[in-house]
>>> print(open('query.pdb').read())   # PDB, C-alpha atoms
MODEL        1
ATOM      1  CA  MET M1027     -10.217  11.110  -7.607
ATOM      2  CA  PHE M1028      -6.882  12.790  -6.840
ATOM      3  CA  THR M1029      -6.482  16.503  -7.530
ATOM      4  CA  ILE M1030      -3.043  18.073  -8.022
ATOM      5  CA  ALA M1031      -2.551  21.850  -8.063
ATOM      6  CA  VAL M1032       0.282  22.835 -10.406
ATOM      7  CA  ASP M1033       1.979  26.229 -10.217
ATOM      8  CA  VAL M1034       2.973  26.433 -13.886
ATOM      9  CA  MET M1035       4.744  29.806 -13.544
ATOM     10  CA  GLY M1036       8.200  30.636 -12.246
ATOM     11  CA  GLY M1037      10.261  28.060 -14.139
ATOM     12  CA  ASP M1038      13.203  29.056 -16.322
ATOM     13  CA  LEU M1039      11.605  27.637 -19.496
ATOM     14  CA  GLY M1040       8.191  29.217 -19.060
ATOM     15  CA  PRO M1041       4.686  27.771 -18.689
ATOM     16  CA  ARG M1042       4.599  26.188 -22.168
ATOM     17  CA  VAL M1043       6.879  23.447 -20.821
ATOM     18  CA  ALA M1044       4.475  22.807 -17.952
ATOM     19  CA  PHE M1045       1.522  22.653 -20.345
ATOM     20  CA  LYS M1046       3.275  20.020 -22.461
ATOM     21  CA  ALA M1047       4.183  17.987 -19.373
ATOM     22  CA  CYS M1048       0.586  18.108 -18.145
ATOM     23  CA  ARG M1049      -0.708  17.025 -21.551
ATOM     24  CA  LYS M1050       1.677  14.070 -21.687
ATOM     25  CA  TRP M1051       0.849  13.091 -18.111
ATOM     26  CA  LEU M1052      -2.905  13.255 -18.654
ATOM     27  CA  ALA M1053      -2.556  11.134 -21.791
ATOM     28  CA  ASN M1054      -0.621   8.366 -20.053
ATOM     29  CA  GLU M1055      -1.757   8.480 -16.429
ATOM     30  CA  SER M1056      -4.754   6.629 -15.047
ATOM     31  CA  LYS M1057      -8.077   8.443 -15.090
ATOM     32  CA  ASP M1058      -8.207   8.800 -11.291
ATOM     33  CA  SER M1059      -6.602  12.254 -11.257
ATOM     34  CA  GLN M1060      -7.271  15.807 -12.339
ATOM     35  CA  LEU M1061      -5.171  18.969 -12.455
ATOM     36  CA  LEU M1062      -5.701  22.525 -11.255
ATOM     37  CA  LEU M1063      -3.328  24.696 -13.292
ATOM     38  CA  VAL M1064      -2.566  27.999 -11.589
ATOM     39  CA  MET M1065      -1.367  30.748 -13.950
ATOM     40  CA  THR M1066      -1.751  34.380 -14.902
ATOM     41  CA  ALA M1067      -4.502  35.371 -17.343
ATOM     42  CA  ASP M1068      -2.131  36.023 -20.274
ATOM     43  CA  HIS M1069      -1.330  32.304 -20.506
ATOM     44  CA  GLN M1070      -4.858  30.932 -20.224
ATOM     45  CA  GLN M1071      -5.576  30.777 -23.959
ATOM     46  CA  GLN M1072      -2.359  28.899 -24.652
ATOM     47  CA  ALA M1073      -3.191  26.439 -21.886
ATOM     48  CA  GLN M1074      -6.712  25.890 -23.205
ATOM     49  CA  GLU M1075      -5.416  25.198 -26.691
ATOM     50  CA  GLN M1076      -2.775  22.711 -25.575
ATOM     51  CA  LEU M1077      -5.066  20.878 -23.150
ATOM     52  CA  ALA M1078      -8.336  21.003 -25.081
ATOM     53  CA  ASP M1079      -8.513  17.187 -25.295
ATOM     54  CA  TYR M1080      -8.533  16.919 -21.484
ATOM     55  CA  SER M1081     -10.966  19.684 -20.550
ATOM     56  CA  GLY M1082     -12.852  17.330 -18.246
ATOM     57  CA  ARG M1083      -9.765  16.713 -16.116
ATOM     58  CA  VAL M1084      -8.217  20.188 -16.096
ATOM     59  CA  ARG M1085      -9.339  23.412 -14.455
ATOM     60  CA  PHE M1086      -7.584  26.748 -14.824
ATOM     61  CA  VAL M1087      -7.127  29.017 -11.811
ATOM     62  CA  LEU M1088      -6.024  32.599 -12.472
ATOM     63  CA  ALA M1089      -3.688  34.567 -10.203
ATOM     64  CA  ASP M1090      -2.582  38.185 -10.210
ATOM     65  CA  SER M1091       1.185  37.798 -10.032
ATOM     66  CA  VAL M1092       4.191  35.483 -10.302
ATOM     67  CA  ILE M1093       7.042  34.955  -7.849
ATOM     68  CA  SER M1094      10.361  35.308  -9.666
ATOM     69  CA  MET M1095      13.553  33.473  -8.793
ATOM     70  CA  SER M1096      15.008  36.746  -7.503
ATOM     71  CA  ASP M1097      12.193  37.410  -5.020
ATOM     72  CA  SER M1098      13.144  36.837  -1.392
ATOM     73  CA  PRO M1099      10.918  34.792   0.949
ATOM     74  CA  ALA M1100      10.047  38.023   2.775
ATOM     75  CA  GLN M1101       8.940  39.678  -0.483
ATOM     76  CA  ALA M1102       6.817  36.645  -1.318
ATOM     77  CA  LEU M1103       5.086  36.757   2.070
ATOM     78  CA  ARG M1104       4.456  40.497   2.031
ATOM     79  CA  HIS M1105       3.800  41.356  -1.594
ATOM     80  CA  LYS M1106       2.937  38.164  -3.492
ATOM     81  CA  ILE M1107      -0.011  36.859  -1.480
ATOM     82  CA  SER M1108      -2.063  36.527  -4.688
ATOM     83  CA  SER M1109       0.700  34.876  -6.718
ATOM     84  CA  THR M1110       0.341  31.583  -8.556
ATOM     85  CA  MET M1111       2.421  29.792  -5.930
ATOM     86  CA  ALA M1112       0.414  31.185  -3.020
ATOM     87  CA  MET M1113      -2.879  30.313  -4.694
ATOM     88  CA  ALA M1114      -1.772  26.745  -5.460
ATOM     89  CA  LEU M1115      -0.859  26.245  -1.801
ATOM     90  CA  GLN M1116      -4.140  27.813  -0.692
ATOM     91  CA  LEU M1117      -6.074  25.368  -2.886
ATOM     92  CA  HIS M1118      -4.317  22.584  -0.994
ATOM     93  CA  ALA M1119      -4.987  24.212   2.376
ATOM     94  CA  ASP M1120      -8.684  24.581   1.517
ATOM     95  CA  GLY M1121      -8.977  20.930   0.530
ATOM     96  CA  GLU M1122      -9.578  21.585  -3.169
ATOM     97  CA  ALA M1123      -6.257  19.935  -4.061
ATOM     98  CA  ASP M1124      -4.580  16.875  -2.552
ATOM     99  CA  ALA M1125      -1.058  17.997  -3.434
ATOM    100  CA  VAL M1126       0.935  20.881  -4.942
ATOM    101  CA  LEU M1127       3.672  20.818  -7.574
ATOM    102  CA  SER M1128       5.772  23.928  -8.212
ATOM    103  CA  VAL M1129       8.833  24.767 -10.305
ATOM    104  CA  GLY M1130       9.213  28.155  -8.667
ATOM    105  CA  ASN M1131      11.440  29.849  -6.107
ATOM    106  CA  THR M1132      12.476  27.356  -3.394
ATOM    107  CA  GLY M1133      12.771  29.878  -0.567
ATOM    108  CA  ALA M1134       9.407  31.407  -1.373
ATOM    109  CA  LEU M1135       7.794  27.964  -1.597
ATOM    110  CA  MET M1136       9.109  27.029   1.834
ATOM    111  CA  ALA M1137       7.954  30.290   3.410
ATOM    112  CA  LEU M1138       4.511  30.261   1.811
ATOM    113  CA  ALA M1139       3.977  26.577   2.567
ATOM    114  CA  ARG M1140       4.731  27.216   6.236
ATOM    115  CA  GLN M1141       2.305  30.131   6.226
ATOM    116  CA  ARG M1142      -0.562  28.487   4.310
ATOM    117  CA  LEU M1143      -0.280  24.883   5.507
ATOM    118  CA  GLY M1144       1.486  25.148   8.858
ATOM    119  CA  MET M1145       4.118  22.856  10.336
ATOM    120  CA  TYR M1146       3.661  19.585  12.179
ATOM    121  CA  ALA M1147       3.906  19.983  15.940
ATOM    122  CA  ASP M1148       7.459  19.979  17.345
ATOM    123  CA  PHE M1149       9.044  20.666  13.939
ATOM    124  CA  ASP M1150      10.807  23.982  13.350
ATOM    125  CA  ARG M1151      11.489  24.012   9.627
ATOM    126  CA  PRO M1152      10.580  21.995   6.541
ATOM    127  CA  ALA M1153      13.245  20.086   4.634
ATOM    128  CA  LEU M1154      13.625  19.308   0.942
ATOM    129  CA  ALA M1155      13.963  15.571   0.394
ATOM    130  CA  ALA M1156      14.536  13.578  -2.791
ATOM    131  CA  CYS M1157      15.042   9.945  -3.744
ATOM    132  CA  LEU M1158      18.410   9.353  -5.404
ATOM    133  CA  PRO M1159      19.305   6.279  -7.500
ATOM    134  CA  THR M1160      21.908   3.918  -6.049
ATOM    135  CA  ARG M1161      23.413   0.503  -6.785
ATOM    136  CA  GLN M1162      20.443  -1.078  -5.059
ATOM    137  CA  ARG M1163      17.341   0.717  -3.757
ATOM    138  CA  PRO M1164      16.868   4.515  -3.889
ATOM    139  CA  VAL M1165      18.018   6.529  -0.893
ATOM    140  CA  LEU M1166      16.088   9.480   0.556
ATOM    141  CA  MET M1167      18.395  12.434   1.173
ATOM    142  CA  LEU M1168      17.449  15.570   3.118
ATOM    143  CA  ASP M1169      17.828  18.535   3.485
ATOM    144  CA  LEU M1170      18.676  19.541  -0.095
ATOM    145  CA  GLY M1171      18.533  23.306   0.201
ATOM    146  CA  ALA M1172      15.574  24.516   2.231
ATOM    147  CA  ASN M1173      17.812  25.406   5.211
ATOM    148  CA  LEU M1174      21.401  26.505   4.714
ATOM    149  CA  ASP M1175      22.299  26.205   8.391
ATOM    150  CA  SER M1176      20.705  23.706  10.785
ATOM    151  CA  SER M1177      21.135  22.966  14.482
ATOM    152  CA  ALA M1178      21.599  19.486  15.914
ATOM    153  CA  GLN M1179      17.978  19.505  17.017
ATOM    154  CA  GLN M1180      16.809  20.387  13.522
ATOM    155  CA  LEU M1181      18.947  17.626  12.003
ATOM    156  CA  GLU M1182      17.220  15.253  14.416
ATOM    157  CA  GLN M1183      13.883  16.545  13.148
ATOM    158  CA  PHE M1184      14.978  15.980   9.536
ATOM    159  CA  ALA M1185      15.846  12.394  10.463
ATOM    160  CA  ALA M1186      12.325  11.853  11.800
ATOM    161  CA  LEU M1187      10.854  13.307   8.608
ATOM    162  CA  GLY M1188      12.945  10.968   6.468
ATOM    163  CA  LEU M1189      12.209   7.843   8.513
ATOM    164  CA  ALA M1190       8.487   8.611   8.429
ATOM    165  CA  TRP M1191       8.556   8.864   4.641
ATOM    166  CA  GLN M1192      10.316   5.497   4.327
ATOM    167  CA  MET M1193       7.760   3.995   6.688
ATOM    168  CA  MET M1194       4.957   5.421   4.537
ATOM    169  CA  GLN M1195       6.472   3.638   1.523
ATOM    170  CA  GLY M1196       6.345   0.347   3.431
ATOM    171  CA  ASN M1197      10.126  -0.036   3.662
ATOM    172  CA  ALA M1198      10.916  -2.191   6.693
ATOM    173  CA  ALA M1199      14.716  -1.879   6.613
ATOM    174  CA  ARG M1200      15.493   1.759   7.419
ATOM    175  CA  ARG M1201      19.219   2.414   7.753
ATOM    176  CA  MET M1202      19.945   6.058   8.450
ATOM    177  CA  ALA M1203      23.229   8.007   8.484
ATOM    178  CA  LEU M1204      24.485  11.567   8.927
ATOM    179  CA  LEU M1205      26.528  12.944   6.042
ATOM    180  CA  ASN M1206      29.985  13.936   7.297
ATOM    181  CA  ILE M1207      33.597  14.337   6.143
ATOM    182  CA  GLY M1208      34.451  10.911   7.549
ATOM    183  CA  GLN M1209      32.920   7.893   9.236
ATOM    184  CA  GLU M1210      35.009   8.214  12.407
ATOM    185  CA  SER M1211      33.154   9.541  15.438
ATOM    186  CA  CYS M1212      35.869  12.137  16.122
ATOM    187  CA  LYS M1213      35.339  13.916  12.790
ATOM    188  CA  GLY M1214      32.946  16.700  11.924
ATOM    189  CA  THR M1215      31.672  19.878  13.520
ATOM    190  CA  SER M1216      30.287  20.058  17.042
ATOM    191  CA  THR M1217      26.783  20.336  15.546
ATOM    192  CA  ILE M1218      27.193  17.107  13.572
ATOM    193  CA  LYS M1219      28.598  15.274  16.606
ATOM    194  CA  ASP M1220      25.747  16.504  18.796
ATOM    195  CA  ALA M1221      23.207  15.433  16.164
ATOM    196  CA  ALA M1222      24.795  11.982  15.994
ATOM    197  CA  GLU M1223      24.373  11.515  19.735
ATOM    198  CA  ARG M1224      20.720  12.538  19.470
ATOM    199  CA  LEU M1225      20.040  10.110  16.628
ATOM    200  CA  ARG M1226      21.920   7.271  18.298
ATOM    201  CA  GLU M1227      19.922   7.695  21.484
ATOM    202  CA  ARG M1228      16.545   8.077  19.760
ATOM    203  CA  TRP M1229      16.869   5.480  16.970
ATOM    204  CA  PRO M1230      19.559   3.015  18.046
ATOM    205  CA  GLU M1231      18.429   0.340  15.584
ATOM    206  CA  GLN M1232      18.152   2.581  12.520
ATOM    207  CA  PHE M1233      21.076   4.972  12.999
ATOM    208  CA  VAL M1234      24.327   3.507  11.649
ATOM    209  CA  GLY M1235      26.554   6.559  12.264
ATOM    210  CA  PHE M1236      28.313   8.880   9.851
ATOM    211  CA  CYS M1237      28.576   8.368   6.106
ATOM    212  CA  GLU M1238      30.746  10.068   3.509
ATOM    213  CA  GLY M1239      29.779  11.317   0.084
ATOM    214  CA  THR M1240      31.018   8.078  -1.456
ATOM    215  CA  ASP M1241      28.508   6.113   0.632
ATOM    216  CA  ILE M1242      25.418   7.851  -0.739
ATOM    217  CA  TYR M1243      25.163   5.700  -3.868
ATOM    218  CA  THR M1244      26.138   2.308  -2.464
ATOM    219  CA  GLY M1245      22.511   1.332  -1.842
ATOM    220  CA  GLU M1246      23.209   0.358   1.769
ATOM    221  CA  LEU M1247      21.373   3.350   3.260
ATOM    222  CA  ASP M1248      17.705   4.339   3.281
ATOM    223  CA  VAL M1249      17.983   7.874   4.704
ATOM    224  CA  VAL M1250      20.894  10.330   4.543
ATOM    225  CA  VAL M1251      20.581  13.432   6.739
ATOM    226  CA  CYS M1252      22.473  16.710   6.264
ATOM    227  CA  ASP M1253      21.928  20.457   6.345
ATOM    228  CA  GLY M1254      20.663  22.206   3.233
ATOM    229  CA  PHE M1255      23.986  23.760   2.248
ATOM    230  CA  VAL M1256      25.848  20.441   2.202
ATOM    231  CA  GLY M1257      22.915  18.582   0.672
ATOM    232  CA  ASN M1258      22.443  21.032  -2.172
ATOM    233  CA  VAL M1259      26.147  21.020  -3.060
ATOM    234  CA  ALA M1260      26.208  17.202  -3.011
ATOM    235  CA  LEU M1261      23.085  16.998  -5.178
ATOM    236  CA  LYS M1262      24.251  19.526  -7.776
ATOM    237  CA  THR M1263      27.685  17.881  -7.934
ATOM    238  CA  SER M1264      26.049  14.504  -8.551
ATOM    239  CA  GLU M1265      23.822  15.939 -11.270
ATOM    240  CA  GLY M1266      26.786  17.584 -12.979
ATOM    241  CA  LEU M1267      28.805  14.376 -12.845
ATOM    242  CA  SER M1268      25.951  12.271 -14.237
ATOM    243  CA  SER M1269      25.484  14.718 -17.118
ATOM    244  CA  TRP M1270      29.215  14.593 -17.897
ATOM    245  CA  LEU M1271      29.261  10.779 -17.791
ATOM    246  CA  SER M1272      26.306  10.577 -20.162
ATOM    247  CA  GLU M1273      28.049  12.850 -22.641
ATOM    248  CA  GLN M1274      31.330  10.923 -22.386
ATOM    249  CA  ILE M1275      29.693   7.531 -22.975
ATOM    250  CA  GLN M1276      27.956   8.735 -26.132
ATOM    251  CA  ARG M1277      31.060  10.594 -27.345
ATOM    252  CA  GLU M1278      33.318   7.554 -26.945
ATOM    253  CA  PHE M1279      31.020   5.402 -29.057
ATOM    254  CA  GLN M1280      31.009   8.003 -31.809
ATOM    255  CA  ARG M1281      34.786   8.506 -31.814
ATOM    256  CA  HIS M1282      35.802   5.058 -33.044
ATOM    257  CA  PHE M1283      34.818   2.941 -36.034
ATOM    258  CA  TRP M1284      34.018  -0.132 -33.925
ATOM    259  CA  GLY M1285      32.020   1.943 -31.520
ATOM    260  CA  ARG M1286      29.910   3.351 -34.353
ATOM    261  CA  SER M1287      29.531  -0.107 -35.854
ATOM    262  CA  PHE M1288      28.275  -1.793 -32.703
ATOM    263  CA  TYR M1289      26.289   1.190 -31.418
ATOM    264  CA  PRO M1290      22.989   0.091 -33.089
ATOM    265  CA  LEU M1291      23.235  -3.298 -31.347
ATOM    266  CA  LEU M1292      24.152  -1.810 -27.977
ATOM    267  CA  ARG M1293      21.758   1.135 -28.148
ATOM    268  CA  PRO M1294      19.053  -0.406 -25.871
ATOM    269  CA  ILE M1295      21.620  -1.189 -23.165
ATOM    270  CA  ILE M1296      23.208   2.247 -23.453
ATOM    271  CA  ALA M1297      19.796   3.920 -23.336
ATOM    272  CA  ARG M1298      18.914   2.112 -20.105
ATOM    273  CA  LEU M1299      22.235   3.126 -18.590
ATOM    274  CA  LEU M1300      21.824   6.765 -19.586
ATOM    275  CA  ARG M1301      18.298   6.837 -18.168
ATOM    276  CA  ARG M1302      19.717   5.861 -14.781
ATOM    277  CA  PHE M1303      22.104   8.826 -14.992
ATOM    278  CA  ASN M1304      19.419  11.237 -16.169
ATOM    279  CA  ALA M1305      18.503  13.623 -13.360
ATOM    280  CA  SER M1306      15.104  14.324 -14.962
ATOM    281  CA  ARG M1307      13.890  10.931 -13.719
ATOM    282  CA  TYR M1308      14.337  12.120 -10.147
ATOM    283  CA  ALA M1309      12.893  15.588 -10.619
ATOM    284  CA  GLY M1310      10.583  15.821  -7.627
ATOM    285  CA  ALA M1311      11.735  16.918  -4.180
ATOM    286  CA  LEU M1312       9.300  16.683  -1.266
ATOM    287  CA  LEU M1313       8.913  19.566   1.154
ATOM    288  CA  LEU M1314       8.625  17.494   4.321
ATOM    289  CA  GLY M1315       7.494  18.966   7.617
ATOM    290  CA  VAL M1316       4.612  21.107   6.370
ATOM    291  CA  GLN M1317       1.114  19.736   6.862
ATOM    292  CA  GLY M1318       0.519  18.932   3.242
ATOM    293  CA  MET M1319       1.901  17.195   0.178
ATOM    294  CA  VAL M1320       4.173  19.715  -1.559
ATOM    295  CA  VAL M1321       6.663  18.785  -4.280
ATOM    296  CA  LYS M1322       9.298  21.092  -5.782
ATOM    297  CA  SER M1323      10.784  20.505  -9.225
ATOM    298  CA  HIS M1324      13.927  22.076 -10.691
ATOM    299  CA  GLY M1325      13.541  25.631 -11.917
ATOM    300  CA  ASN M1326      15.104  24.594 -15.235
ATOM    301  CA  SER M1327      12.920  21.489 -15.609
ATOM    302  CA  ASP M1328      11.999  20.468 -19.142
ATOM    303  CA  TRP M1329       8.702  18.748 -19.905
ATOM    304  CA  ARG M1330      10.156  15.290 -19.161
ATOM    305  CA  SER M1331      11.297  16.405 -15.719
ATOM    306  CA  LEU M1332       7.906  17.892 -14.942
ATOM    307  CA  ASN M1333       6.128  14.802 -16.253
ATOM    308  CA  ASN M1334       8.228  12.642 -13.955
ATOM    309  CA  ALA M1335       7.533  15.017 -11.074
ATOM    310  CA  LEU M1336       3.793  14.647 -11.700
ATOM    311  CA  CYS M1337       4.214  10.865 -11.676
ATOM    312  CA  PHE M1338       6.068  11.164  -8.376
ATOM    313  CA  VAL M1339       3.285  13.283  -6.841
ATOM    314  CA  HIS M1340       0.681  10.808  -8.046
ATOM    315  CA  ALA M1341       2.634   7.911  -6.531
ATOM    316  CA  GLN M1342       2.691   9.699  -3.164
ATOM    317  CA  LEU M1343      -1.072  10.170  -3.290
ATOM    318  CA  GLN M1344      -1.556   6.503  -4.097
ATOM    319  CA  GLN M1345       0.458   5.711  -0.959
ATOM    320  CA  GLY M1346      -2.071   7.686   1.093
ATOM    321  CA  GLY M1347      -0.827  11.242   0.696
ATOM    322  CA  GLN M1348      -0.590  13.657   3.589
ATOM    323  CA  ALA M1349      -2.850  11.638   5.899
ATOM    324  CA  ALA M1350      -0.698   8.514   5.601
ATOM    325  CA  TYR M1351       2.472  10.538   6.100
ATOM    326  CA  ALA M1352       1.046  12.172   9.231
ATOM    327  CA  ARG M1353       0.364   8.726  10.717
ATOM    328  CA  SER M1354       3.892   7.556   9.907
ATOM    329  CA  LEU M1355       5.388  10.694  11.410
ATOM    330  CA  ALA M1356       3.403  10.238  14.613
ATOM    331  CA  SER M1357       4.804   6.731  14.998
ATOM    332  CA  CYS M1358       8.364   8.072  14.638
ATOM    333  CA  GLN M1359       7.959  10.605  17.457
TER     334      GLN M1359
ENDMDL
END
>>> encode(input="query.pdb", output="structure tokens")
Amino acid sequence: MFTIAVDVMGGDLGPRVAFKACRKWLANESKDSQLLLVMTADHQQQAQEQLADYSGRVRFVLADSVISMSDSPAQALRHKISSTMAMALQLHADGEADAVLSVGNTGALMALARQRLGMYADFDRPALAACLPTRQRPVLMLDLGANLDSSAQQLEQFAALGLAWQMMQGNAARRMALLNIGQESCKGTSTIKDAAERLRERWPEQFVGFCEGTDIYTGELDVVVCDGFVGNVALKTSEGLSSWLSEQIQREFQRHFWGRSFYPLLRPIIARLLRRFNASRYAGALLLGVQGMVVKSHGNSDWRSLNNALCFVHAQLQQGGQAAYARSLASCQ
């Protein structure tokens, strides 16, 4: 039986969205999992009402406070030790939960996860990593915002974290690249060039050199490494573009008579295409590097995004969870 601790507070849309996502997930997911929902007492009645049909697979854990999006990591560590996020991570640290899902403050989550779970040996900082859709197989990209500035050594550590995750998934072909402004070896900052030399020396078979932003979605790479500032900008730009494309496709069909006429026939194809663009399908980002299974979802996640994030967490547990990842990481050292 897998147990997932969910910090239902801190999201832009409130806990009601998390309750709906949990209800949908419990209704459709296999019966091998249960949820620990961490919240403040004023939301317990609402949670009990919405999840009454699944009382045997849900337990409510009450916390004293909530970490807001404006709280700094230092404030979270000093003044929010009894918050919903801190308690969810502590449940994982104590072995009561196999994984944690949070929609809350990214900086606070990183700081509290380091404090409550600890880091793997020889790793300085955790990295946010997410699977992005491509023309072929998904690519794992990291860091996506946990660290705004990273040294060459830390980029090397991120590469190890990404390769270990791909190994855990059973992916034999692991092609890795550093995100840069060009593929030529002479381009980029001194940090990026230094990191490339480290990766080339350590993983000569996997490291293929630099990649540009246009290479991310070709499907030819398995791991793309970058610092959190670059990664977050690239991710948010991609999400904005996919949203715009989805709107344009639907608008064009509605603008013309023939488009409206054939739309009912083409609707299934269009729906599949739009689902590939929909960022809510890829709503879970792993916090790699901490000694646990921690997944962060968007702060503005709707219930579909959170449901998909729960499915993602469950899939990681089915792959062996934190224990399997630790073994993969050890083999990448």
>>> closest_residue(input="query.pdb", among="M:Val1126, M:Ala1350, M:Leu1336, M:Leu1271", to="M:Gly1196", atoms="only C-alpha atoms")
M:Ala1350
>>> atom_distance(input="query.pdb", atom1="atom CA of M:Glu1182", atom2="atom CA of M:Asn1131")
25.8 Å
>>> resolve_selection(input="query.pdb", expression="the PyMOL selection byres ((chain M and resi 1097) around 12)", output="VMD selection string")
chain M and resid 1036 1092 to 1096 1098 to 1106 1109 1130 to 1135 1137
>>> resolve_selection(input="query.pdb", expression="the PyMOL selection byres ((chain M and resi 1255) around 12)", output="list in words")
Ala1153, Leu1154, Leu1168, Asp1169, Leu1170, Gly1171, Ala1172, Asn1173, Leu1174, Asp1175, Ser1176, Leu1205, Val1251, Cys1252, Asp1253, Gly1254, Val1256, Gly1257, Asn1258, Val1259, Ala1260, Leu1261 and Lys1262 of chain M
>>> resolve_selection(input="query.pdb", expression="the PyMOL selection byres ((chain M and resi 1218) around 12)", output="mmCIF file with C-alpha atoms, in the coordinates of the input")
data_model
loop_
_atom_site.group_PDB
_atom_site.id
_atom_site.type_symbol
_atom_site.label_atom_id
_atom_site.label_comp_id
_atom_site.auth_asym_id
_atom_site.auth_seq_id
_atom_site.Cartn_x
_atom_site.Cartn_y
_atom_site.Cartn_z
ATOM 1 C CA ASP M 1175 22.299 26.205 8.391
ATOM 2 C CA SER M 1176 20.705 23.706 10.785
ATOM 3 C CA SER M 1177 21.135 22.966 14.482
ATOM 4 C CA ALA M 1178 21.599 19.486 15.914
ATOM 5 C CA GLN M 1179 17.978 19.505 17.017
ATOM 6 C CA GLN M 1180 16.809 20.387 13.522
ATOM 7 C CA LEU M 1181 18.947 17.626 12.003
ATOM 8 C CA GLU M 1182 17.220 15.253 14.416
ATOM 9 C CA ALA M 1203 23.229 8.007 8.484
ATOM 10 C CA LEU M 1204 24.485 11.567 8.927
ATOM 11 C CA LEU M 1205 26.528 12.944 6.042
ATOM 12 C CA ASN M 1206 29.985 13.936 7.297
ATOM 13 C CA ILE M 1207 33.597 14.337 6.143
ATOM 14 C CA GLY M 1208 34.451 10.911 7.549
ATOM 15 C CA GLN M 1209 32.920 7.893 9.236
ATOM 16 C CA GLU M 1210 35.009 8.214 12.407
ATOM 17 C CA SER M 1211 33.154 9.541 15.438
ATOM 18 C CA CYS M 1212 35.869 12.137 16.122
ATOM 19 C CA LYS M 1213 35.339 13.916 12.790
ATOM 20 C CA GLY M 1214 32.946 16.700 11.924
ATOM 21 C CA THR M 1215 31.672 19.878 13.520
ATOM 22 C CA SER M 1216 30.287 20.058 17.042
ATOM 23 C CA THR M 1217 26.783 20.336 15.546
ATOM 24 C CA LYS M 1219 28.598 15.274 16.606
ATOM 25 C CA ASP M 1220 25.747 16.504 18.796
ATOM 26 C CA ALA M 1221 23.207 15.433 16.164
ATOM 27 C CA ALA M 1222 24.795 11.982 15.994
ATOM 28 C CA GLU M 1223 24.373 11.515 19.735
ATOM 29 C CA ARG M 1224 20.720 12.538 19.470
ATOM 30 C CA LEU M 1225 20.040 10.110 16.628
ATOM 31 C CA GLY M 1235 26.554 6.559 12.264
ATOM 32 C CA PHE M 1236 28.313 8.880 9.851
ATOM 33 C CA CYS M 1237 28.576 8.368 6.106
ATOM 34 C CA VAL M 1251 20.581 13.432 6.739
ATOM 35 C CA CYS M 1252 22.473 16.710 6.264
ATOM 36 C CA ASP M 1253 21.928 20.457 6.345
ATOM 37 C CA VAL M 1256 25.848 20.441 2.202
#
>>> closest_residue(input="query.pdb", among="M:Asp1058, M:Asp1033, M:Asp1090, M:Glu1075", to="M:His1118", atoms="all atoms listed in the file")
M:Asp1033
>>> atom_distance(input="query.pdb", atom1="atom CA of M:Gln1162", atom2="atom CA of M:Glu1246")
7.5 Å
>>> residues_around(input="query.pdb", residues="stretch 1323-1332 of chain M", least_positions_apart="3", cutoff="7 Å", atoms="only C-alpha atoms", output="list in words")
Gly1037, Asp1038, Leu1039, Val1043, Ala1044, Lys1046, Ala1047, Ser1128, Val1129, Gly1130, Ser1306, Arg1307, Ala1309, Gly1310, Ala1311, Ala1335 and Leu1336 of chain M
>>> residues_around(input="query.pdb", residues="M:Ala1053", least_positions_apart="4", cutoff="12 Å", atoms="all atoms listed in the file", output="MDAnalysis selection string")
chainID M and resid 1046:1049 1057 1059:1060 1077:1080 1083 1333
>>> atom_distance(input="query.pdb", atom1="atom CA of M:Leu1189", atom2="atom CA of M:Trp1229")
9.9 Å
>>> closest_residue(input="query.pdb", among="M:Cys1358, M:Leu1052, M:Arg1286, M:Leu1063", to="M:Cys1337", atoms="all atoms listed in the file")
M:Leu1052
>>> residues_around(input="query.pdb", residues="M:Val1087", least_positions_apart="6", cutoff="10 Å", atoms="all atoms listed in the file", output="number ranges by chain")
M: 1031-1033, 1062-1067, 1070, 1110, 1113-1114, 1117
>>> closest_residue(input="query.pdb", among="M:Val1320, M:Val1249, M:Ala1356, M:Leu1267", to="M:Gln1116", atoms="only C-alpha atoms")
M:Val1320
>>> closest_residue(input="query.pdb", among="M:Ser1091, M:Ser1272, M:Ala1112, M:Leu1314", to="M:Phe1184", atoms="all atoms listed in the file")
M:Leu1314
